Each structure stands twice: as structure tokens, then as C-alpha cells.
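Engineer: I'd like to ask you about the structure that follows.
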Amino acid sequence: MNEQTPEERNRNFSEVALGYTAEQATLEAMRCIDCKNPRCVPACPVEVDIPAFLKSLAENNPDKAFEQIYADNILPAICGRVCPQEAQCEGACILGIKGEPVAIGALERYVGDYGLARDLADISVSQEKDIKVAVVGSGPAGLANAASLRKKGYQVTVFEALHAYGGVLNYGIPDFRLPKDIVRKEISNLEKMGVTFVKNAVIGKSITLEQLKEDGFKAIFIGSGAGLPSSLRIPGENLNGVYFANEFLTRVNLMRSNTFPQTSTPIKVGSTVAVVGGGNVAMDAARTAKRIGAKKVMIIYRRDKDSLPARLEEVHHAEEEGIEMNLLYNPVEIIGEDHEIRAVRCERMRLGEKDASGRRRPLPTGEYETFDIDSLVISIGQKPNPIIKQSTQALKTEDWGGIITDEHHQTSLPGVFAGGDVVTGAATVILAMGTGKAAADAMHDYLETIQ
Amino acid sequence: MYKIIKKDVLNKDVDFMTIEAPLVARNAKAGHFVILRVDEDGERIPLTIADTDGDNVDIIYQKMGYSTKLLGEKESGDTIADFVGPLGQEAHIRDKNHVVGVAGGVGAAPLLPQLRAYKEQGSKVTLILGARSKEHLILKETYESFCDNVIYTTDDGSKGIKGLVTTPLEQLLKEDETVDHVIAIGPVIMMKFATKMAVSHKKSVDVSLNPIMIDGTGMCGNCRVDIGGKTFFACIDGPDFEGEHVDFDNLMARQSYYKDEEHACYLRLKNE
């Protein structure tokens, strides 16, 4: 797939990947050998019929390809961009054993964009039901859940706490990976389908779960995500110039501070930025810092390069854009002056035996190094949003905050279901969509039995 | 869009507004706040709820920054883009005999529902309200209608005691043994010294913290405050906290981190 050059793109917020042409897409789709037992389909959390859509594409029928994807995945243009295909469909592709797997992600993106541009989404609804269902959160889990329930005929209302829809797709993932107009267009298809969206509604505050039931919602899906930032628990975290990745990315992605002062939410990073963490969010933050003017941006991560949890593609893109990788460093203190950050002191680490995660455990060496920096972004993970739990004592949660659900995605409260990051902890867009969709089936069964 | 039902200019710096917002009004309690955006490019700014009535929510704001000045240009009948809440923890109304509310400037607004709640539960309530000058003293009649005692201070002596709110506070703490609790809401520097004074007289003291916020739901962490070496998020753990161990100096520094940028935005407003 064509890309903007690193020198060009690390100064703008336009998409890095430029996408296939029709010709490229057809040629790539023709590489699929149409296995008898396709391994790609079960490797997809929403089980898109991949061989079928590739075949349509190879036959020059993108309209049909779109229809085939959309039947299982209501956000194809998004998933084509942000799914970790190398660990899912493409990772399972038989062609990948000896050579390159079919570029399923890039093709899904092509078909998704094709369908969005031509309004091809099937917004039909099976027989209308006079039953109200509430969905909490308009991120991937909530959107997938809402679409599935609406298709079954339910009257679905999605409640969003922020002023814009999409959850992490909107506030978390930067434009250069996922342009916001694509998020808006995909969501507008759900509106056309008849899903009602209510913004500025913090469930647990504006309306409690109990009140939703009083208001006539017969079933509730909680997909409120994992938005509570984890702290490093080291001195200096409250200095000016220290950001959690959520704040940093929200300022740019949701509040558009990259266009300040045309927009009115500022951001400042200075010339040298350190991002602590090695996941996709850390790569997003580092690449964003570069784009808003930082001269030097470094990732600080306590393990080695092979252990980086970020997708290979993101690491590769970050390095191309000039992000430095300070691996095997663990921050121990953020040093400041007059309440403002000046430096971060790190301990050099070495790798020991494998730990529970299967990765080699980082061990302290007693050697330290200090990096002079102007700002620091903490990106070491997010925990589930706590507000619903706080206002709903009977809702059972794990110690780390995740909502406990049974095999039918139902919580400890009858009629209240949950899925996505609020159940699993921070994971991927497509996994959240998968549980949102599966929960919709379980909610349908539940609603049938209580009638 | 959220409709402005009513607007009153309280003085040249401070307005009162009633906004139609049923989702905020439904569960709002004393101590809760809202976040609003004036327009589609707007900042998210937090404001404490002054009162609610049916579907309507009252706010009082000081036109000191770009966004509040922009809000001040709106009139009754206009709309604003976003208005979300109620956010934060409701105020903890303690079992106290005599509560002294100390408010500086527009701090009189967030203090109002709390002091009223104390009065309603049967506590004696004294208000010390300070401002630059007479015309900056807001909500005088409202407070006078229910407080047992009201003391004014002004910087220029145009009404009440000339000087700072801490002057009558100290006198009261020394002379009136019935006083067993202080609530201080206003500029951070005022809260810092009012807290010091209350603590030195061994009285409990609550403050309402107003750091910079974005989402207001515990996601961004911009509003973190240091209390006794532990970090709290003002948006979900506060905004009210016991004042004794609050690191007010850190809060002041964090509040002013974007001062230069605020100025850039203000210049744009002036030029438009």
C-alpha cells in the first residue's frame, strides 16, 4: 500500500497509509487461493466471510464485497485501518507460511471506503419491535452492540458521555491512523438505521442504571471502555509538563489542539518529549508529539524491542518518523523545578527469566541515566472507567475494576450486559466489537424469554 | 444544543445563567459540577452548579478567560453547544453545629448550595464573603435571606471590612467557640490561607478545587491534585476535599500552565 513519506507525514495529521487503487485491490484479492477450510475466518473476532469478499473483489464486484463484509462488520473502513491483522486474519492466512499473506486489512479498508463513499451500507431493519434497549458508550463495543440489536428491530438508544461519538475511535486514535470523518460516516450509517444517539449523558451520573430501567429500557449494554489512566507511581508525576496519554491524545484528537488557536484548547510539548510505554497508544502519543512540533521524541520502555506490545507496523512507522527507542529503561523519578518538568531519571534494566506474560522479566541493574526533557507522556495502560461501578453498588467487578460477566455477557444485574474493554481491560477495537455483537445475541435471547 | 433560559449580569465580570438541561438537572446535588462548551470549537470548561429547578440548571461564571468571555456574549434565548453533568461527588454535608463559609469573589456561587444544605440540616451558618470592591460581591440578598450572620470584606473598603477574608475568619475562630467547621471556596491562594487558619485553630476545613479539566469523567487525569502525597482526580474524587493536606502550590502552578496560550486565545477574541 502506498504511504506518505516519513519526512512529509511527521509534520501533518493526514493519513499515513494512502490505500489501494481499484486495480491494486483487484490484483491483491486475486492472490487468495480460496482454501477449503479458510483459517482466516475463525481468526477474525467478528468472523467476516473473508474468502467470499475477496472473491467478489477479484471478480471486480466491490459492491458485493462490501455487502459481504458489512453483514458481519458494521465498521469496515475503521477495522481495515486499526485491526491487528497480523495477529488475526493475515496471521492465519496460509500464504503467510511461505510468503506474504493476502493483505486482508488493506482490502477491507479499500472495500470499506468504497462502500462509505457510495452509501452502500445495508440499513434495513427486520420487523420493528416495541422494546427499548440502552447502550452505554459509543465506542466499538457499543456501536457493534447497537447495530446488531437495531437490525433485530429493537429501539436502541446509545448514550455517550463526551460531546462526540466513537469513544476511543474519536478521542484515542489519531487522525494519521484513523481520520475522524471516517468515524463520523460509519456512525452516521447507524443513525440512518434508526439508532438514537444521545451525547453528554454520563450514565451513572446523568442517569443511573436504575433510572434507565425506570425509563423503560428492558435491557442495558455497558460498553464504557477502559479510560482510567494507570499511574507510574513515581515522584514528580504531578509536575507541569507530565501528561497521561489519555489527556495528551484527547487534547489533540477530540479537542483539536493541533489547530490552536483556531480551536480553543491548547497543548504544549516543548522540544524534547519522552513517552513512557511500548504499546500502540505510546506510539500514537510519540508520533503525535512529533507532529505538533517536538524536535526530539523518545519512547522509554523497560523491556527490549521484541517485547514491545505495539503492532510491528506502528513501531516501524514511529521509527521511520524519527522516534527514538530508549529500550530497557525504567523511569524512577521525574525531576522538576518550580513545579515544571526538567528531566526523567531512569534505571537501566536487563532481561531475566520469562514471567507470567511469557515475556522476559525486566530486572534492575542499579545503573541510572537522566534524560533532559520538556514533557513526558505516561502511556502504560488504562483501566475500566469507574463511574458506573461507583453509582451501582450491586454491580460486581474485579479488583482491577473490570465488570464481571457470565458466559452470556450478562453482569451480576439481570438484564444488564457488558462487553469490550470495560470487561476485558484495554484490548483491541475488533475484540470489543466482537463482544458487543455477541452480547447483542445474548440480549435478544434474554428479551425473548422475559416477554 | 442547550438553550439559555435566562441571563443576568451580576457585575461587569460575573454573569448568572439558567440553562435548560434535563439530563443534568435530574440527579444534580450540592457540590456537583457541569462541563460546558460554548460552540463547536470550544474548550470544555467546568463550572459548579449553583442551583437547579425542574429541567433547568443555574450557573454563575466569571468572565476571566477566553471561553467564559465567549459565554458572556450569549444572551437569553441563545444556545450553547454542550452541557454535561452532574459530575463529581456531591458535597459531604457533615454533622456540625456552626459552619463558617468563606468565599472569595465568584467562589460565592459554588459555596451557595453547600451552605444552604448546612442550614437546612439545622447547623448555624456564618458567611464571610470577600471581593475586590462592593460591586463584585455577588448573591448578597440570597445569602442574607438564610445565613445567621453575613460578614463582607472588600479590598478597597467600599463595603464591610477593608482587607481580606482571613481577617474576620481569624477573629471568628478566636472568639466564637461554637464554630466547628470551615468551608473555603475561591481563589486557590485564599483557600490556602483560610485552610491554614482553620487548621491552626484545630477546625475541620473543606475546600472546592478547580484545576484544569477536559473530560470530567476520570479519563484524562489533567485535574489531578496532590493531597498528602497521594494523587486524586478532582473530577471524580472531588471537587470537594478536606483542605488540610492539599498541595495548593502545585494546584496553582498546574492552573497556570497554559497562561500564555490563554492570552493568545484572548487576543483572537479581541481581534474578531
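Here, A, B, ... name the chains of the C-alpha cells in the order displayed, residue numbers run from 1 inside each chain, and ligands are numbered from 1 in the same displayed order.
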Give me the residues within 8 Å of Ser148 in chain A as an mmCIF file with C-alpha atoms, in the first residue's frame, counting only C-alpha atoms and dropping any in the same chain fewer than 6 places off.
Structural biologist:
```cif
data_model
loop_
_atom_site.group_PDB
_atom_site.id
_atom_site.type_symbol
_atom_site.label_atom_id
_atom_site.label_comp_id
_atom_site.auth_asym_id
_atom_site.auth_seq_id
_atom_site.Cartn_x
_atom_site.Cartn_y
_atom_site.Cartn_z
ATOM 1 C CA LYS A 437 -22.070 -8.221 18.788
ATOM 2 C CA ALA A 440 -26.485 -8.421 21.330
ATOM 3 C CA ASP A 441 -27.399 -12.035 20.536
#
```
Engineer: Wanna dump the chain B-chain A contacts at 6 Å for me, each residue with its shortest atom pair and the distance in Å to one decimal, counting only C-alpha atoms, ordered by chain and number, as CSV?
Structural biologist:
```
residue,atom,partner,partner_atom,distance
B:Leu23,CA,A:Ser206,CA,5.3
B:Val24,CA,A:Ser206,CA,5.6
B:Asp41,CA,A:Thr263,CA,5.1
B:Gly42,CA,A:Ser264,CA,5.7
B:Glu43,CA,A:Thr265,CA,5.3
B:Val84,CA,A:Asn200,CA,4.9
B:Gly85,CA,A:Ser206,CA,5.8
B:Pro86,CA,A:Ser206,CA,5.9
B:Met219,CA,A:Leu228,CA,4.9
B:Cys220,CA,A:Glu247,CA,4.1
B:Arg254,CA,A:Asn240,CA,5.9
B:Cys265,CA,A:Pro261,CA,5.8
```
Engineer: Name all residues at most 6 Å from Ile185 in chain B (count only C-alpha atoms; drop same-chain ones fewer than 5 positions away) and give them as a PyMOL selection string.
Structural biologist: chain B and resi 103+107+207-208
Engineer: Please return, as a PyMOL selection string, all residues of range 46-157 of chain B that DSSP assigns to alpha helix (DSSP H) on the basis of the backbone.
Structural biologist: chain B and resi 66-72+108-120+140-146
Engineer: Go ahead and write the selection's residues with N, CA and C atoms as an mmCIF file, in the first residue's frame.
Structural biologist:
```cif
data_model
loop_
_atom_site.group_PDB
_atom_site.id
_atom_site.type_symbol
_atom_site.label_atom_id
_atom_site.label_comp_id
_atom_site.auth_asym_id
_atom_site.auth_seq_id
_atom_site.Cartn_x
_atom_site.Cartn_y
_atom_site.Cartn_z
ATOM 1 N N TYR B 66 -10.842 33.168 27.905
ATOM 2 C CA TYR B 66 -11.411 33.252 26.562
ATOM 3 C C TYR B 66 -12.814 32.653 26.506
ATOM 4 N N SER B 67 -12.956 31.420 27.035
ATOM 5 C CA SER B 67 -14.227 30.715 26.881
ATOM 6 C C SER B 67 -15.349 31.329 27.709
ATOM 7 N N THR B 68 -15.017 31.796 28.910
ATOM 8 C CA THR B 68 -16.063 32.416 29.720
ATOM 9 C C THR B 68 -16.459 33.780 29.144
ATOM 10 N N LYS B 69 -15.516 34.462 28.506
ATOM 11 C CA LYS B 69 -15.870 35.731 27.845
ATOM 12 C C LYS B 69 -16.804 35.463 26.667
ATOM 13 N N LEU B 70 -16.500 34.368 25.943
ATOM 14 C CA LEU B 70 -17.342 33.985 24.814
ATOM 15 C C LEU B 70 -18.747 33.639 25.312
ATOM 16 N N LEU B 71 -18.814 32.922 26.420
ATOM 17 C CA LEU B 71 -20.103 32.569 27.013
ATOM 18 C C LEU B 71 -20.858 33.832 27.401
ATOM 19 N N GLY B 72 -20.110 34.812 27.901
ATOM 20 C CA GLY B 72 -20.717 36.073 28.323
ATOM 21 C C GLY B 72 -21.337 36.859 27.176
ATOM 22 N N ALA B 108 -18.463 32.533 45.714
ATOM 23 C CA ALA B 108 -19.769 32.613 46.369
ATOM 24 C C ALA B 108 -20.777 31.685 45.693
ATOM 25 N N ALA B 109 -20.593 31.430 44.406
ATOM 26 C CA ALA B 109 -21.550 30.589 43.680
ATOM 27 C C ALA B 109 -21.480 29.116 44.095
ATOM 28 N N PRO B 110 -20.308 28.457 43.994
ATOM 29 C CA PRO B 110 -20.252 27.061 44.431
ATOM 30 C C PRO B 110 -20.504 26.867 45.923
ATOM 31 N N LEU B 111 -20.247 27.894 46.720
ATOM 32 C CA LEU B 111 -20.483 27.758 48.167
ATOM 33 C C LEU B 111 -21.978 27.715 48.492
ATOM 34 N N LEU B 112 -22.771 28.401 47.665
ATOM 35 C CA LEU B 112 -24.187 28.584 47.988
ATOM 36 C C LEU B 112 -24.940 27.285 48.284
ATOM 37 N N PRO B 113 -24.938 26.292 47.362
ATOM 38 C CA PRO B 113 -25.715 25.079 47.661
ATOM 39 C C PRO B 113 -25.226 24.355 48.908
ATOM 40 N N GLN B 114 -23.929 24.429 49.184
ATOM 41 C CA GLN B 114 -23.393 23.750 50.361
ATOM 42 C C GLN B 114 -23.839 24.413 51.655
ATOM 43 N N LEU B 115 -23.706 25.730 51.688
ATOM 44 C CA LEU B 115 -24.065 26.442 52.915
ATOM 45 C C LEU B 115 -25.567 26.304 53.185
ATOM 46 N N ARG B 116 -26.307 26.310 52.098
ATOM 47 C CA ARG B 116 -27.757 26.148 52.219
ATOM 48 C C ARG B 116 -28.087 24.761 52.790
ATOM 49 N N ALA B 117 -27.359 23.742 52.314
ATOM 50 C CA ALA B 117 -27.589 22.381 52.814
ATOM 51 C C ALA B 117 -27.296 22.300 54.313
ATOM 52 N N TYR B 118 -26.257 23.001 54.752
ATOM 53 C CA TYR B 118 -25.959 23.022 56.195
ATOM 54 C C TYR B 118 -27.090 23.687 56.965
ATOM 55 N N LYS B 119 -27.585 24.789 56.429
ATOM 56 C CA LYS B 119 -28.672 25.498 57.108
ATOM 57 C C LYS B 119 -29.898 24.579 57.211
ATOM 58 N N GLU B 120 -30.171 23.877 56.094
ATOM 59 C CA GLU B 120 -31.357 23.012 56.068
ATOM 60 C C GLU B 120 -31.260 21.863 57.066
ATOM 61 N N LYS B 140 -25.575 38.597 47.430
ATOM 62 C CA LYS B 140 -25.732 39.150 48.788
ATOM 63 C C LYS B 140 -27.116 38.859 49.373
ATOM 64 N N GLU B 141 -28.161 39.187 48.580
ATOM 65 C CA GLU B 141 -29.525 39.029 49.113
ATOM 66 C C GLU B 141 -29.826 37.563 49.396
ATOM 67 N N THR B 142 -29.380 36.685 48.471
ATOM 68 C CA THR B 142 -29.637 35.256 48.651
ATOM 69 C C THR B 142 -29.028 34.761 49.955
ATOM 70 N N TYR B 143 -27.774 35.106 50.167
ATOM 71 C CA TYR B 143 -27.118 34.662 51.400
ATOM 72 C C TYR B 143 -27.769 35.300 52.636
ATOM 73 N N GLU B 144 -28.066 36.602 52.530
ATOM 74 C CA GLU B 144 -28.647 37.291 53.695
ATOM 75 C C GLU B 144 -29.985 36.678 54.075
ATOM 76 N N SER B 145 -30.681 36.078 53.077
ATOM 77 C CA SER B 145 -32.009 35.527 53.349
ATOM 78 C C SER B 145 -31.967 34.279 54.228
ATOM 79 N N PHE B 146 -30.827 33.574 54.288
ATOM 80 C CA PHE B 146 -30.841 32.358 55.107
ATOM 81 C C PHE B 146 -29.681 32.240 56.092
#
```
Engineer: Skipping near chain neighbours, those fewer than 6 positions away, what residues fall within 12 Å of Lys3 in chain B using only C-alpha atoms, listed as a ChimeraX atom specification?
Structural biologist: /B:17-22,38,55-57,74-83
Engineer: Please, could you write that set of residues out with C-alpha atoms as a PDB file, in the first residue's frame?
Structural biologist:
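As a result, out20.pdb now contains:
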```pdb
ATOM      1  CA  MET B  17     -27.255  31.923  33.572  1.00  0.00           C
ATOM      2  CA  THR B  18     -30.056  29.390  33.603  1.00  0.00           C
ATOM      3  CA  ILE B  19     -29.605  26.585  31.075  1.00  0.00           C
ATOM      4  CA  GLU B  20     -32.234  24.082  30.037  1.00  0.00           C
ATOM      5  CA  ALA B  21     -30.549  20.704  30.656  1.00  0.00           C
ATOM      6  CA  PRO B  22     -32.850  17.961  31.957  1.00  0.00           C
ATOM      7  CA  VAL B  38     -19.863  27.356  24.134  1.00  0.00           C
ATOM      8  CA  ASP B  55     -35.216  20.853  33.916  1.00  0.00           C
ATOM      9  CA  ASN B  56     -33.126  23.965  34.467  1.00  0.00           C
ATOM     10  CA  VAL B  57     -29.647  24.430  35.862  1.00  0.00           C
ATOM     11  CA  LYS B  74     -24.510  34.829  24.689  1.00  0.00           C
ATOM     12  CA  GLU B  75     -27.936  36.093  25.639  1.00  0.00           C
ATOM     13  CA  SER B  76     -31.176  34.612  26.866  1.00  0.00           C
ATOM     14  CA  GLY B  77     -32.714  32.580  24.008  1.00  0.00           C
ATOM     15  CA  ASP B  78     -29.320  31.679  22.500  1.00  0.00           C
ATOM     16  CA  THR B  79     -27.894  28.171  22.725  1.00  0.00           C
ATOM     17  CA  ILE B  80     -24.575  26.660  23.683  1.00  0.00           C
ATOM     18  CA  ALA B  81     -23.090  23.522  22.131  1.00  0.00           C
ATOM     19  CA  ASP B  82     -22.640  21.227  25.111  1.00  0.00           C
ATOM     20  CA  PHE B  83     -23.614  20.995  28.757  1.00  0.00           C
TER      21      PHE B  83
END
```
Engineer: Please report the interatomic distance between CA of Leu169 in chain A and CA of Arg184 in chain A in Å with one decimal.
Structural biologist: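 These atoms are spaced 9.9 Å apart.
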Engineer: Report, in Å with one decimal, the straight-line distance from CA of Thr405 in chain A to CA of Ser138 in chain A.
Structural biologist: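 Distance reported for this atom pair: 19.7 Å.
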